[in-house]
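See structure below.
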Protein chains: 2
Amino acid sequence: MRGVVMYAPGDVRVVEREDPQIIDPTDAVIRITATCICGSDLWPYRGVEPVDHTLMGHEYVGIVEEIGADVATLKVGDFVVGSFCISDNTCPICRDGYQSRCVHGSFVAGAIGTQAEKARIPYADGTLVATPGQPDEDLIPSLLAASDVLGTGWFAAIAAAAGPGKTVAVVGDGAVGLMGVLAAKQLGAERIIAMSRHADRQTLAREFGATDIVETRGDDGIAAIKDLTDGLGAHSVIEAVGTRESMMQAIGSTRPGGHIGFVGVAHDVALPLDNVFFAEVHLLGGPAPVRRFLPELIDLIWNRKIDPGKVFDQVLPLDQAAEGYRSMDERKAIKTLLTL
Amino acid sequence: MRGVVMYAPGDVRVVEREDPQIIDPTDAVIRITATCICGSDLWPYRGVEPVDHTLMGHEYVGIVEEIGADVATLKVGDFVVGSFCISDNTCPICRDGYQSRCVHGSFVAGAIGTQAEKARIPYADGTLVATPGQPDEDLIPSLLAASDVLGTGWFAAIAAAAGPGKTVAVVGDGAVGLMGVLAAKQLGAERIIAMSRHADRQTLAREFGATDIVETRGDDGIAAIKDLTDGLGAHSVIEAVGTRESMMQAIGSTRPGGHIGFVGVAHDVALPLDNVFFAEVHLLGGPAPVRRFLPELIDLIWNRKIDPGKVFDQVLPLDQAAEGYRSMDERKAIKTLLTL
């Protein structure tokens, strides 16, 4: 089968890979019908994370081709959405809703690589969720978004305690930040402030539910959020970048007692604990337990209550994956969907 | 009146200070009947925080001597317990329960200094709580503990989501950590693991409700907590030290999805955000909003349901404050009560 391999930073190729096989009785092999490129794929692309002939891709939807003997909730032919984290969905940590830290968990990224025609998914029952039937073509992008970027924005909004009566600020206007806006809206937030300096992303943020846009950053950005919130700060802040600056932006923008959901992947960020201490805010972040939210997200998408697929502003065939990486790296595309 | 002033690190003196007067109509002047020395008073004593003729003390109980025209809930002669944070208890942040970050808030430490015969307490209605009557002498230490160290341990336990069915680990065996044990017990925790290497503190921890003691630290300490929790980590961790090591201990000891309440005051601690991210734990800390808990804590003490006063293992007259600081600095005393 064909699959994307990053040979070295900036060197993305579509090459022939071995077809996956069932190994464990809890495995499924799926034929991938759509996949995409994640903002986190740009870390190795830019040389910030190590990369060496790495199998790329961790977002995916597809059709079950084969199942192991112990797979109970899926059958061949099912259309499935999968999490970017493998989970058994039965261990104590999964039962608490943190499937991204399952005791049998692992990351799809690197080990499996779903920018490919097929994938072997371990713990299929605990990782994949079948849709109610074969989806209409126009639902595919939204279902694919649920695999990571929507699920991650959703987790951030939940971690930030977004809800009715709340003012939610979103730091970061990438795909995850935009999904955070959508999630906050869906969860009933009263006011949603998107921090963005890009006109196209501001437009999309407003489509997803943003009521206000703040273009400034740093101390000015914090002052702008306070101006919009009676000097107190937002109740809920979604952090979707992962740098020291974005975390300080989030901490400074949250009112005491408020909540920060942080989902930007941190790389060697030293957070000044003194500031966190005196800010007196709730913090929760990490790899999103997408599997927790998949049934609900699929339902919302299936019933056309949300349209997260709009976050994809570039569609390319898998063979042109390198072009997709380039576009996202140069910020010409927010998020690139790869067709098969 | 007499009051404790720290002239310089290590130089604690009881000197003559001016008697406090009502300034604002929301003030009360109280005659202090007991005060104490806090672990945080040792930071300037050791030269870690700046100090220069600083008015010391922020924990206090006493009798109302005079009230301003706008004070509504207190009358002259009331016995009161006060928070170490001044708060109006009416602003949006106070109403959310974060009185330690009141929009009109300030710290008693430094500005007021309650290691003294009297104190002017601004926003008296929002800072002080009257007891149901004049307390029996033996209740004084416990009521005094509520002013900070019990309220802080209580906040940490609440922030750590301690409760029925939970395993709670406590990092730090100082007075606040021990109060965290008491709070976790009172909140119904199933198992309470105190991390301590001191026999006397272990004994006190067990009296307050600890079911297990872990003497190791660092990676060994984390391994010991995991051994006691099916390899998963504690549901709830109370951090009551404030160093990088103690925070890493807390983060490593918490199961994914668990909660950390951190109340040790941080001094120039850089927290590796990457670890916090992948740990996937809830974090909440800061100066405790003691005022939120005072009515409940006074009730528990008044009805002799809890006995936090046991945390005081040294009692000295105010005039011997310097000796109290020395004892606590040398860890000969856990916590020193000063009588007037």
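Identifiers for the structure tokens are assigned positionally: chains receive A, B, ... in sequence, residues are indexed from 1 per chain, and ligands are indexed from 1 in the order shown.
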
**Request:** Using only C-alpha atoms, find the residues of chain B whose closest atom to chain A is at most 6 Å away, then write them as a ChimeraX atom specification.
**Result:** /B:266,269-274,277-278,280,282-286

**Item:** Close residues, segment 233-236 of chain A itself excluded, 10 Å, only C-alpha atoms, min 2 positions apart in chain, as a PyMOL selection string
**Value:** chain A and resi 156-163+165-170+184+189+191-193+222-231+238-239+250-261+281-282

**Request:** Extract the full set of alpha helix (DSSP H) residues from segment 99-185 of chain B according to DSSP on the backbone, and format it as a PyMOL selection string.
**Result:** chain B and resi 124-127+140-146+149-159+175-185

Selection to disk with C-alpha atoms, as a PDB file, in the first residue's frame:
ATOM      1  CA  ALA B 124     -14.261  43.484  58.214  1.00  0.00           C
ATOM      2  CA  ASP B 125     -17.572  41.956  57.089  1.00  0.00           C
ATOM      3  CA  GLY B 126     -15.839  40.278  54.167  1.00  0.00           C
ATOM      4  CA  THR B 127     -12.750  39.113  56.041  1.00  0.00           C
ATOM      5  CA  ILE B 140      -8.551  28.839  70.625  1.00  0.00           C
ATOM      6  CA  PRO B 141      -5.702  26.956  68.893  1.00  0.00           C
ATOM      7  CA  SER B 142      -8.104  25.255  66.493  1.00  0.00           C
ATOM      8  CA  LEU B 143      -9.902  28.500  65.677  1.00  0.00           C
ATOM      9  CA  LEU B 144      -6.556  30.165  65.117  1.00  0.00           C
ATOM     10  CA  ALA B 145      -5.535  27.334  62.773  1.00  0.00           C
ATOM     11  CA  ALA B 146      -8.617  28.083  60.672  1.00  0.00           C
ATOM     12  CA  VAL B 149      -3.059  26.751  57.936  1.00  0.00           C
ATOM     13  CA  LEU B 150      -6.286  24.752  58.240  1.00  0.00           C
ATOM     14  CA  GLY B 151      -8.043  26.884  55.621  1.00  0.00           C
ATOM     15  CA  THR B 152      -5.092  26.386  53.305  1.00  0.00           C
ATOM     16  CA  GLY B 153      -4.954  22.623  53.808  1.00  0.00           C
ATOM     17  CA  TRP B 154      -8.714  22.536  53.319  1.00  0.00           C
ATOM     18  CA  PHE B 155      -8.492  24.466  50.061  1.00  0.00           C
ATOM     19  CA  ALA B 156      -5.739  22.145  48.873  1.00  0.00           C
ATOM     20  CA  ALA B 157      -7.909  19.116  49.612  1.00  0.00           C
ATOM     21  CA  ILE B 158     -10.901  20.669  47.828  1.00  0.00           C
ATOM     22  CA  ALA B 159      -8.701  21.662  44.869  1.00  0.00           C
ATOM     23  CA  ALA B 175       1.588  22.250  59.246  1.00  0.00           C
ATOM     24  CA  VAL B 176      -0.268  22.806  55.951  1.00  0.00           C
ATOM     25  CA  GLY B 177       0.387  19.276  54.745  1.00  0.00           C
ATOM     26  CA  LEU B 178      -0.869  17.894  58.061  1.00  0.00           C
ATOM     27  CA  MET B 179      -3.997  20.054  57.779  1.00  0.00           C
ATOM     28  CA  GLY B 180      -4.393  18.668  54.271  1.00  0.00           C
ATOM     29  CA  VAL B 181      -4.478  15.192  55.803  1.00  0.00           C
ATOM     30  CA  LEU B 182      -7.140  16.318  58.286  1.00  0.00           C
ATOM     31  CA  ALA B 183      -9.157  17.937  55.488  1.00  0.00           C
ATOM     32  CA  ALA B 184      -8.960  14.872  53.247  1.00  0.00           C
ATOM     33  CA  LYS B 185     -10.153  12.715  56.140  1.00  0.00           C
TER      34      LYS B 185
END

**Test item: residues at most 7 Å from Phe79 of chain A, only C-alpha atoms, excluding those fewer than 6 positions along its chain, as a list in words** =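 Listing them by chain and then by number gives Gly62, Ile63, Val64, Ala130, Thr131, Gly133 and Gln134 of chain A.
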
**Message:** I want to know what sits within 6 Å of segment 31-45 of chain A, based on only C-alpha atoms, with residues of the same chain fewer than 3 positions away left out; could you give that as a VMD selection string?
**Reply:** chain A and resid 9 to 10 48 to 51 59 to 63 115 117 to 118 336 to 340
